[in-house]
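Undergrad: Shown below is the structure under consideration.
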Amino acid sequence: MAEIRPQGPDVELEEPTLVEGFPGVGLVGKLAADHLVTELDMQYYASVHCDGLARIGVYRGGNRTARPPVRLYVSEDHDLLVLQSDAPISSAAIGNVADCLTSWIIDQEATPIYLSGLPVERDEETRAAVYGIATADGDNRLEAADVPIPPEDGVITGPTGALIDAAAREAYATLGLIVQCDPQFPDPQAASVLLEDGIGPIIGLDIDVQDLLDHAEEIRAKRERLARQMQAIGQEESTQAQPLRMYQ
């Protein structure tokens, strides 16, 4: 069972969108989610407790407050929730965490946007491409936002793949965004494209990503350790999109 413990303000959400930010390849989902929380000045809303999530405390420089590794933030003005995660999920816990969160999401009647990186070698001059997938009738919002269809077959692994699978089993409407990204290191540029070409048009916001781009090198340096942790636990546990031929 999901245990989402309210920690912040009482808010009234009508038909909320939830942006998921579990760490994965290129850390694109995490970088995008973290940027949304900061850029929209979102408030700490709830802590997420599912069996298998790391039992650790997370703190920030310049702040004494310690919080659990997986949290929800809210913007009532934008009818928006963001799931922020500061720890990878072990393979043994992925299925349980996905079922736990999906149950709560359905109860809230929220529409999730699940985020994943597609490892691609590209030069700095080439803008990353974003593609959209969906479960149930979630493709309506992708069409309205002009998010293109993936050009080839593929699979999504890790927590995000498990979340999509759980939603598909329940025939529940969700959206998935896949962005081309660096296969080894944090990719703030790809995360900015995810925000500008995917998340922003879907939720109807013009998201300023300049700060994300201005601090790209600093972000890479800070996040490379987490990226190495993701590699260490194995690609099956890490959220990423891959061509389907790799599984055939």
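All residue names refer to the structure tokens as shown: chains lettered A, B, ... in order, residues numbered from 1 in each chain, ligands numbered from 1 in order.
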Write out as a PyMOL selection string the residues lying within 12 Å of segment 141-148 of chain A, counting only C-alpha atoms and excluding same-chain residues fewer than 3 positions away.

TA: chain A and resi 17+111-113+129-138+151-152+173-179+193-205

Undergrad: Show me, as a PyMOL selection string, the residues that have an atom within 7 Å of segment 30-45 of chain A when counting only C-alpha atoms, minus same-chain residues fewer than 6 positions from it.

TA: chain A and resi 6-9+19-23+72-75+82+84+188+191-192+195

Undergrad: Identify, on the basis of only C-alpha atoms, every residue whose closest approach to Glu12 of chain A does not exceed 10 Å; exclude the query and any residue fewer than 6 positions from it along the same chain; express the result as a PyMOL selection string.

TA: chain A and resi 76-77+79

Undergrad: Do you know which residues are at most 12 Å from segment 118-127 of chain A counting only C-alpha atoms, after dropping those on the same chain fewer than 6 positions away, and could you put them as an NGL selection string?

TA: :A and (24-29 or 150 or 152 or 154-157 or 177-194 or 196-197 or 235 or 238-244)

Undergrad: Those same residues - N, CA and C atoms - I'd like them written as a compact mmCIF listing (two decimals), in the first residue's frame.

TA:
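Here's the written file part04.txt:
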# COMPACT_ATOMS: atom_id res chain seq x y z
N GLY A 24 17.66 8.36 -13.71
CA GLY A 24 17.84 7.41 -14.81
C GLY A 24 18.97 7.86 -15.69
N VAL A 25 19.08 7.28 -16.86
CA VAL A 25 20.18 7.60 -17.77
C VAL A 25 20.17 9.09 -18.10
N GLY A 26 21.34 9.73 -18.05
CA GLY A 26 21.45 11.16 -18.28
C GLY A 26 20.85 12.02 -17.19
N LEU A 27 20.23 11.37 -16.20
CA LEU A 27 19.50 12.06 -15.13
C LEU A 27 18.50 13.09 -15.67
N VAL A 28 17.98 12.84 -16.88
CA VAL A 28 17.12 13.85 -17.51
C VAL A 28 15.82 14.06 -16.75
N GLY A 29 15.22 12.97 -16.25
CA GLY A 29 13.98 13.12 -15.51
C GLY A 29 14.19 13.85 -14.19
N PRO A 150 7.50 8.05 -31.37
CA PRO A 150 8.84 7.48 -31.54
C PRO A 150 9.00 6.85 -32.92
N GLU A 152 11.02 4.36 -33.80
CA GLU A 152 11.32 2.93 -33.79
C GLU A 152 10.79 2.28 -32.53
N GLY A 154 10.72 0.28 -29.01
CA GLY A 154 11.60 0.44 -27.87
C GLY A 154 10.97 -0.06 -26.59
N VAL A 155 11.77 -0.10 -25.53
CA VAL A 155 11.30 -0.46 -24.20
C VAL A 155 11.82 0.58 -23.22
N ILE A 156 11.13 0.73 -22.10
CA ILE A 156 11.60 1.59 -21.02
C ILE A 156 11.80 0.72 -19.79
N THR A 157 12.98 0.78 -19.21
CA THR A 157 13.34 -0.05 -18.07
C THR A 157 13.24 0.74 -16.77
N LEU A 177 7.42 10.64 -21.76
CA LEU A 177 8.28 11.43 -22.62
C LEU A 177 9.66 10.80 -22.66
N ILE A 178 10.20 10.64 -23.86
CA ILE A 178 11.51 10.05 -24.08
C ILE A 178 12.37 11.08 -24.78
N VAL A 179 13.54 11.39 -24.22
CA VAL A 179 14.42 12.38 -24.82
C VAL A 179 15.79 11.77 -25.08
N GLN A 180 16.36 12.07 -26.23
CA GLN A 180 17.73 11.64 -26.52
C GLN A 180 18.69 12.31 -25.54
N CYS A 181 19.65 11.53 -25.02
CA CYS A 181 20.54 12.10 -24.01
C CYS A 181 21.89 11.39 -24.01
N ASP A 182 22.83 11.99 -23.28
CA ASP A 182 24.15 11.40 -23.12
C ASP A 182 24.03 10.05 -22.43
N PRO A 183 24.69 9.01 -22.96
CA PRO A 183 24.53 7.67 -22.37
C PRO A 183 25.26 7.46 -21.06
N GLN A 184 26.20 8.38 -20.69
CA GLN A 184 27.02 8.14 -19.52
C GLN A 184 26.93 9.20 -18.44
N PHE A 185 26.70 10.45 -18.82
CA PHE A 185 26.80 11.53 -17.85
C PHE A 185 25.51 12.36 -17.80
N PRO A 186 25.31 13.10 -16.71
CA PRO A 186 24.15 13.99 -16.62
C PRO A 186 24.08 14.93 -17.82
N ASP A 187 22.87 15.14 -18.33
CA ASP A 187 22.70 15.90 -19.56
C ASP A 187 21.68 17.02 -19.36
N PRO A 188 22.12 18.16 -18.80
CA PRO A 188 21.19 19.28 -18.57
C PRO A 188 20.56 19.81 -19.86
N GLN A 189 21.31 19.76 -20.98
CA GLN A 189 20.73 20.25 -22.24
C GLN A 189 19.52 19.40 -22.64
N ALA A 190 19.66 18.08 -22.52
CA ALA A 190 18.54 17.20 -22.85
C ALA A 190 17.37 17.44 -21.91
N ALA A 191 17.65 17.66 -20.62
CA ALA A 191 16.59 17.96 -19.67
C ALA A 191 15.87 19.25 -20.03
N SER A 192 16.61 20.25 -20.52
CA SER A 192 15.99 21.51 -20.91
C SER A 192 15.06 21.32 -22.11
N VAL A 193 15.46 20.46 -23.04
CA VAL A 193 14.61 20.15 -24.19
C VAL A 193 13.34 19.42 -23.73
N LEU A 194 13.51 18.52 -22.78
CA LEU A 194 12.37 17.81 -22.20
C LEU A 194 11.35 18.80 -21.64
N GLU A 196 11.15 22.17 -22.43
CA GLU A 196 10.67 23.12 -23.46
C GLU A 196 9.75 22.47 -24.49
N ASP A 197 10.11 21.26 -24.93
CA ASP A 197 9.39 20.64 -26.04
C ASP A 197 8.37 19.59 -25.60
N GLN A 235 21.78 -1.62 -15.59
CA GLN A 235 20.85 -0.92 -16.47
C GLN A 235 19.42 -1.37 -16.30
N SER A 238 17.86 0.91 -13.86
CA SER A 238 17.93 2.32 -14.18
C SER A 238 16.89 2.68 -15.23
N THR A 239 16.16 3.78 -14.97
CA THR A 239 15.18 4.23 -15.94
C THR A 239 15.87 4.69 -17.22
N GLN A 240 15.53 4.04 -18.32
CA GLN A 240 16.00 4.50 -19.62
C GLN A 240 15.18 3.84 -20.72
N ALA A 241 15.18 4.47 -21.88
CA ALA A 241 14.56 3.89 -23.06
C ALA A 241 15.63 3.22 -23.89
N GLN A 242 15.25 2.10 -24.50
CA GLN A 242 16.20 1.36 -25.33
C GLN A 242 15.46 0.81 -26.55
N PRO A 243 16.18 0.66 -27.67
CA PRO A 243 15.56 0.02 -28.83
C PRO A 243 15.12 -1.40 -28.49
N LEU A 244 13.96 -1.80 -28.99
CA LEU A 244 13.43 -3.11 -28.68
C LEU A 244 14.34 -4.24 -29.17

Undergrad: Select, from A:Ala46, A:Ala166, A:His78, A:Val209, the residue with the minimum atom-to-atom distance to Ser103 of chain A, counting only C-alpha atoms.

TA: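 Looking only at the distances to Ser103 of chain A, the closest residue turns out to be A:Ala166.
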